[in-house]
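Colleague: Take a look at the following structure, please.
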Amino acid sequence: MWDLDTGRCLRTITDAHPPGYAVIQVQFTDDPTVALFCDSMGSVYVMQFKRKLGIRSTETKCMFSGSHGEVCTMASLHMTLFEKHPLNQHSLVALATFSKVVLLSIGSRLEVLFTHPLKGGTDTLPLLDWFFVIIQTDEGRVVDPVLAFARSNVVMFIQISMAPDKQLVISHLKTVTLQYKVAALKWINAQVVLFMDSTEHVHVVDAKTQEELEVVDISSVELIYSSSFFKSLATGGNVSQALASAGQLACYQSIVLHNGEIFLLGWKAVYALSLRSWEDRVNYLLREEKFLDALALALTFYTGTAKAVVGLHGDRETQEVAVVDQLMTILTAYVELSLSANRPDEGSKDELCLFFQIHKGIVQVCIDYCLAVNQTDMLFSDIYNYFAEDRVGQSVYLQCLEPYIVADKLTSLSPIVLKDFVELYQERGKLEAVEKCLVHMDVANLDLDQVVSLCWTYSLYDAMIYVYNRGMNDYITPLEELLRLLRSAMKPNKQHPTEDTDIGYKLLVYISYCFAGRGYPTGSIPDDRKLRVKSEVYSVLITRHTRDAADDEPTYPNLRTLLMFNAREFLNVLSLAFEERDFDNQSDGAQAHGPNRQEVVNILLALMVSTPGSQVTSEVGHLFTFLARQLAKHGQHNLHISSNIFDQMVVYLTNSEDDSRHEERQQALLDLLNAGVLRQYGRGRYDEDKLLMLAETAKFFRVMEMLYDQRRQLAKILSCYLRDPVRKTMAFPYIHGVMNSDEYVDFEKQEVERAALASLPDLVAIDSEATACLVLMDFAHDIIGVVHRLQGYPRVLYEFLQGVFESKAGFTVSKADSPPPPDVHEQYIELMCIYKPTAVFEYLKRSDTHFRLEQTLALCEKHRVKDAQAYLLEKTGAVREAFDLTLETLQKHIRTVLQAYRTGEDTRSPFHLVQTTLTVIIQLCQRNSSLKQPEREYLWFSLLEAVMGPCRDLREEVNKRAQTAKWLLATGMGGCVEVDVLAAFKGLMQKVLNCLVGHVSLASVLQKILQDPTYQGGTLREVKDLIMDMLETYNYERTLLETTNHLLASDNHVSLRQLVAAMNRGRVDRNRSTESTAADSEGASSIHSHQIQAAMRFHKVLKSPSKIGLFGSGDHRVAHQGGILQDPNFDLKLMPVRW
């Protein structure tokens, strides 16, 4: 023991533990008379120091035996600095072996509180360390000890706390898996943990987020390891192999924490690692001239998001003040240095643009950081003065303010900055931007006189209203002043200038906002002022005379001005205002008791109706529409007008000579009907007959529908739908709804059915498909009658039947309960032959089961629809007739191509028809390949002759002209190329030859080609390519045939071998009698023999070359599918036998 003050050795203890083992770790507890140590045997001892009569003595007791697990390290919890902590009465010690961590209490009695297993390689040691940490819980923030323990690359943190019942509570906080093996673990402070890996790299990690803050290489320290003690070299190496192996990286005593510093014991010196203070970290970046990084780091100290903070003391407010001072110092230095290095001199436009971008970035940095730390005073004083030293910098600074103001981040400017801001935007003609900014500022921080003067000078009316409302709580002055400006600018029956129009619309919006309790242009009126504002605005509108009115001023000048400006929009504003409950006041003394609908209506009628010639008819119409809506909404009890006015209103609404605002007038009359106002005011003068007459005259079909619905006249309701150009498509759901509703009786449904069938031409004209669906769903029983009714309208009938048979809505004749008879279908096909003959062929292919072949064929022949006729002929079995008809079409197209070529016309379209028709004929020939050989040869050779004929004609013409015939043919890429016409038709011939392979013998084809005059007089070169292509195809087919025969023969051989093996194999059935077994064997042998004979017969068939061949004349075919061999000459199938 040593006295650290004097450096004197107090005592040497030689008998504290068993001899032959090395001491690997010693620690004092909070009690200065008690220490712990462990030896290389893995045992832990408690050593108590005593002094009696000046004689020092020591008492040692084994606390944990190494036989239960070798303890590698231990950590005692020191409570010296936390004497008031509830755990102060406990003495806690953590022990770590290779396999587990044990937490003990060594008070009056030894108690195990916690154990946890550890895993790791043989080259890793367990690690332990304590620290008191601030932890956020549901009850608040507490300071409790946290034990960090680790092995290999896994670290765990547990919290030890005291429950209210004085019981220890151990809570698991987190488990962290690192990317490296840990050789040492130390807490630096409550937020930071230090890990050293096996390569002597120190990792500084944030304990809460596990973020790695820094990595330092300490290999130059030459750290001292306790390997010799773990191997017990001084005592003869009396240790376990596990402890000796893991002890290579033992450095428990070489890394020590003291007062926030980590001390490292090196080979030649002791080194200290410590975290820099927050100021040192900022200053380090400043020395490196990394101003933006320094600002960002300082801001994290201000917001409390920085990691590993050291040296920032005091409460939160004190810390913020210290950081703000430092941050503003950095920002000022950054601005000064940046501007001094980037002063714009007279230069080119590109240089000025570059300076603009640089200054813009600097300004944005200044604004962002000043807003972040709430230091706008610095932004508008010192920082602005730096930028104001040159014109470019000042301009950039002021322009950068706008987006922050509009985003409500900057709510105030200093008077000087505001003045310069307005002047700059005025010079650039951007006063609208100034106004947009002013309405986002806090008026409490503005010079109101300056701003108001500015708004009136530059006509910034939105900003002016905003300042009066928010700054002075005055909602009347801006309204009166703007009305005065509008009144002085208004002239009856004249076009208003754009500026005056803007004033008028701003006034309308402002009035509407005031009545709705909303702030203009944004926000809302305070709740305690809403009623007062509404009353004040209402009083200004209905005032009989303005302040300082002239003797000749008319009554109600404000209402007159707004009506003259835009009566319709002003009445819409009043309509919205009348929805407020504040207008429910029924007192005639409205001015004294608040807003009142009746008074407003009376004034409007006096201004616009009672005074002769006071307003034009259109504006009176707006008033009548407005009155109709208000009467419908608020009823006769809340709003009264005279019978004379009411009659004028009804006459206007139903005026047939006025086409303007038709839907608006109809809706107003409909609202009156629904509210029952017509019955109240009409007093019998507006019965249903008169209303129907008025609605009929005005073409108010919705009003008529409502009246007819009351009378249950459903057919007339359908007429209303059909006559209404806006709602005519609603006739279909109406008819369907009536026919499928239980609300209507059979008589009414029959009435609707008769009306619908009588209106079929109109329905088809609206939507033929919807009409067809309607008939199929609701009138399928009378579809023949529907067709009969439409006989006089062939085009309409065609569209109707098209909807019946080809509906895109998913409901077609195939889904109907009773499809139409075939004659109706054939009538549709006939109409299609007339109106759309090109679609007949495709339609017949899609629906070949809905018509009769003979009748349909006659129709196609009658209307000369040849492609459809050929298709039907083929279906009836007349293949040659179908072929001849299609071939005739092909020859016609070929003649058209040749004629166009000879006359120099465009040949692209007719040649495309040739190619299309040729494809159709080839498909027809391939479909009928089952015909006899002569028939097949007739089809293919006739087609071949059709394409070889043009080659002969063109060859003769080429020889006569002694030049190559060229023409333009369309390419697949949308352009045109000049192609040899003879080569083009030879290409068609080549296509036919390739397709007929397999259907006609090769010898016949070659003979046909060589006999053609086109090739008789030529050389081998002209037919070489053609013959080579055919021979190549032949070789391919022959190879395919040989391969197929080989596979079939191989399969047959395997089957025969299996059958012979099965026949030669004895069979014994022990469960049956001998006679039965013999009978079964005889039957099996008979079956096997029959199968072998059949297989041998099949084998002979395969060997016969005249029976199988794709080019031969025989019709015999052999199929090989899925291991099943089938011969068409017998029914037996040979299958591989599996035993």
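Residues are referred to by chain and number: the chain letter is A, B, ... according to the order shown in the structure tokens, the number counts from 1 in that chain, and ligands are numbered separately from 1 in the order shown.
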List every residue of stretch 349-435 of chain A that DSSP, applied to the backbone, labels as helix (DSSP H, G or I), and write the result as a PyMOL selection string.
Modeller: chain A and resi 349-372+376-380+382-387+391-406+415-427+431-435
Colleague: Which residues come within 7 Å of A:Ile170, counting only C-alpha atoms, excluding same-chain residues fewer than 5 positions away, as a list in words?
Modeller: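 Close residues of A:Ile170: Ile158, Gln159, Ile160 and Ser161 of chain A.
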Colleague: Which neighbours of A:Gly69 fall inside 8 Å, counting only C-alpha atoms, when residues of the same chain fewer than 3 positions from it are skipped, and could you give them as a PyMOL selection string?
Modeller: chain A and resi 42+65-66+97-99
Colleague: Since we have the selection now, will you write its residues out, keeping N, CA, C and O atoms, as a PDB file, in the first residue's frame?
Modeller:
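This is the output file result.pdb:
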```
ATOM      1  N   GLY A  42      -8.561 -17.033 -10.893  1.00  0.00           N
ATOM      2  CA  GLY A  42      -9.938 -16.656 -11.175  1.00  0.00           C
ATOM      3  C   GLY A  42     -10.766 -16.442  -9.939  1.00  0.00           C
ATOM      4  O   GLY A  42     -11.988 -16.294 -10.023  1.00  0.00           O
ATOM      5  N   SER A  65     -14.968 -18.136  -5.681  1.00  0.00           N
ATOM      6  CA  SER A  65     -13.944 -19.113  -6.017  1.00  0.00           C
ATOM      7  C   SER A  65     -13.850 -19.292  -7.527  1.00  0.00           C
ATOM      8  O   SER A  65     -14.875 -19.310  -8.230  1.00  0.00           O
ATOM      9  N   GLY A  66     -12.631 -19.413  -8.006  1.00  0.00           N
ATOM     10  CA  GLY A  66     -12.422 -19.627  -9.427  1.00  0.00           C
ATOM     11  C   GLY A  66     -12.936 -20.955  -9.917  1.00  0.00           C
ATOM     12  O   GLY A  66     -13.040 -21.174 -11.133  1.00  0.00           O
ATOM     13  N   THR A  97     -16.809 -13.377 -15.761  1.00  0.00           N
ATOM     14  CA  THR A  97     -16.037 -14.546 -16.160  1.00  0.00           C
ATOM     15  C   THR A  97     -16.110 -14.670 -17.682  1.00  0.00           C
ATOM     16  O   THR A  97     -16.669 -13.827 -18.365  1.00  0.00           O
ATOM     17  N   PHE A  98     -15.549 -15.750 -18.195  1.00  0.00           N
ATOM     18  CA  PHE A  98     -15.615 -15.951 -19.641  1.00  0.00           C
ATOM     19  C   PHE A  98     -17.043 -16.231 -20.121  1.00  0.00           C
ATOM     20  O   PHE A  98     -17.368 -15.988 -21.276  1.00  0.00           O
ATOM     21  N   SER A  99     -17.890 -16.724 -19.245  1.00  0.00           N
ATOM     22  CA  SER A  99     -19.206 -17.184 -19.678  1.00  0.00           C
ATOM     23  C   SER A  99     -20.365 -16.366 -19.140  1.00  0.00           C
ATOM     24  O   SER A  99     -21.485 -16.513 -19.631  1.00  0.00           O
TER      25      SER A  99
END
```
Colleague: Using backbone DSSP assignments, extract all strand (DSSP E or B) residues from stretch 117-306 of chain A; output them as a PyMOL selection string.
Modeller: chain A and resi 117+127-137+140-151+154-162+168-177+182-187+192-197+201-206+212-217+223+255-258+261-266+270-274
